[in-house]
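Chemist: Mind having a look at this structure? Questions to follow.
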Amino acid sequence: MQADALWSLVAHQGHPVWLWLAIDAETRLIVGCAIGPRDTQTAQELWYSCPANYRQRAVRYTDFLPAYASVLPSKRPRAVDKATG
C-alpha cells in the first residue's frame with residue numbers, strides 16, 4: 001500500500017486543500033482517502049479509511065512526513081523519498 005498527499009487550491013490561492021490517498025501498489029486501486037491538512041489527525045483519518053485487511057497485513061510506503069510515523073503502526077512501514085518512485 002502506498003500513501004501520499006497532493007494539494008489543490010480551492011476558492012483562492014492562499015488556501016491549499018490536501019487530498020490524501022492510499023493506493024494498492026499491485027492493483028493501483030485507491031483503498032483509502034482523507035481530505036485535510038498535512039497533520040496527524042488527517043493521517044489517522046486516512047489510516048482508518050483503509051479496509052481492515054490492508055491495515056493488518058500491508059507493507060506501507062510513505063514519504064518522510066512525521067504525521068505518517070505517528071499514526072501508522074511500525075510493523076511494516078517503508079519511508080521512501082520521491083526519487084525512488
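Chain lettering (A, B, ...) mirrors the order of the C-alpha cells, residue numbering begins at 1 for each chain separately, and ligand numbering begins at 1 in order of display.
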Which residues, written as a list in words, have at least one atom at most 12 Å from Val31 of chain A, with only C-alpha atoms counted and residues fewer than 2 positions away on the same chain left out?

Modeler: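 Here the answer would be Met1, Gln2, Ala3, Trp20, Leu21, Ala22, Ile23, Asp24, Ala25, Glu26, Thr27, Arg28, Leu29, Cys33, Ala34, Leu46, Trp47, Tyr48, Ser49, Cys50, Pro51, Ala52, Asn53, Tyr54, Arg55 and Ala58 of chain A.
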
Chemist: Could you save the residues just selected, with C-alpha atoms, as a tab-separated table (two decimals), in the first residue's frame?

Modeler:
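The resulting file, selection_39.tsv, is shown below:
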```tsv
chain	number	residue	atom	x	y	z
A	1	MET	CA	0.00	0.00	0.00
A	2	GLN	CA	1.35	3.41	-0.96
A	3	ALA	CA	0.24	6.59	0.81
A	20	TRP	CA	-4.56	12.02	0.99
A	21	LEU	CA	-4.68	8.69	-0.86
A	22	ALA	CA	-3.79	5.11	-0.01
A	23	ILE	CA	-3.25	3.01	-3.13
A	24	ASP	CA	-2.83	-0.75	-3.54
A	25	ALA	CA	0.58	-0.88	-5.22
A	26	GLU	CA	-0.29	-4.08	-7.14
A	27	THR	CA	-3.76	-3.26	-8.48
A	28	ARG	CA	-3.44	0.58	-8.41
A	29	LEU	CA	-6.86	0.76	-6.74
A	33	CYS	CA	-8.69	8.57	1.28
A	34	ALA	CA	-8.94	11.63	3.51
A	46	LEU	CA	-6.56	8.08	6.04
A	47	TRP	CA	-5.43	5.04	8.03
A	48	TYR	CA	-8.93	4.24	9.31
A	49	SER	CA	-10.46	4.75	5.86
A	50	CYS	CA	-8.49	1.72	4.63
A	51	PRO	CA	-10.08	-1.75	4.86
A	52	ALA	CA	-9.04	-3.81	7.89
A	53	ASN	CA	-7.17	-6.40	5.80
A	54	TYR	CA	-4.89	-3.67	4.44
A	55	ARG	CA	-4.29	-2.23	7.89
A	58	ALA	CA	0.06	-4.46	4.04
```

Chemist: Do you know which residues are at most 10 Å from Gly36 of chain A counting only C-alpha atoms, after dropping those on the same chain fewer than 5 positions away, and could you put them as a ChimeraX atom specification?

Modeler: /A:5,7,16-20,41-43,45-46

Chemist: Just how far from atom CA of Tyr61 of chain A is atom CA of Pro37 of chain A, in Å to one decimal?

Modeler: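 Straight-line distance from atom CA of Pro37 of chain A to atom CA of Tyr61 of chain A works out to 19.5 Å.
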
Chemist: Could you pull out the alpha helix (DSSP H) residues of chain A, going by DSSP on the backbone, and write them as a list of chain:residue names?

Modeler: A:Thr40, A:Gln41, A:Thr42, A:Ala43, A:Gln44, A:Glu45, A:Leu46, A:Trp47, A:Tyr48, A:Ser49, A:Ala52, A:Asn53, A:Tyr54, A:Arg55, A:Gln56, A:Arg57, A:Pro66, A:Ala67, A:Tyr68, A:Ala69, A:Ser70, A:Val71

Chemist: Skip Leu72 of chain A itself and residues of its chain fewer than 3 positions away, then list as JSON, numbers by chain all residues within 8 Å of it, counting only C-alpha atoms.

Modeler: {"A": [44, 47, 68, 69, 77]}

Chemist: Between atom CA of Gly14 of chain A and atom CA of Ile30 of chain A, measure the distance and give it in Å to one decimal.

Modeler: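 So the two atoms, atom CA of Gly14 of chain A and atom CA of Ile30 of chain A, lie 28.2 Å apart.
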
Chemist: Grab the atom CA of Thr40 of chain A to atom CA of Asp4 of chain A distance for me, in Å with one decimal place.

Modeler: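 One can read the atom CA of Thr40 of chain A to atom CA of Asp4 of chain A distance as 13.5 Å.
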
Chemist: Where does DSSP see strand (DSSP E or B) in chain A, if you list the residues as a ChimeraX atom specification?

Modeler: /A:2-9,16-23,30-35,60-62,77-79

Chemist: Calculated over only C-alpha atoms, which of the candidates A:Arg57, A:Leu6, A:Ala67, A:His15 has the smallest distance to Asp39 of chain A?

Modeler: A:Ala67
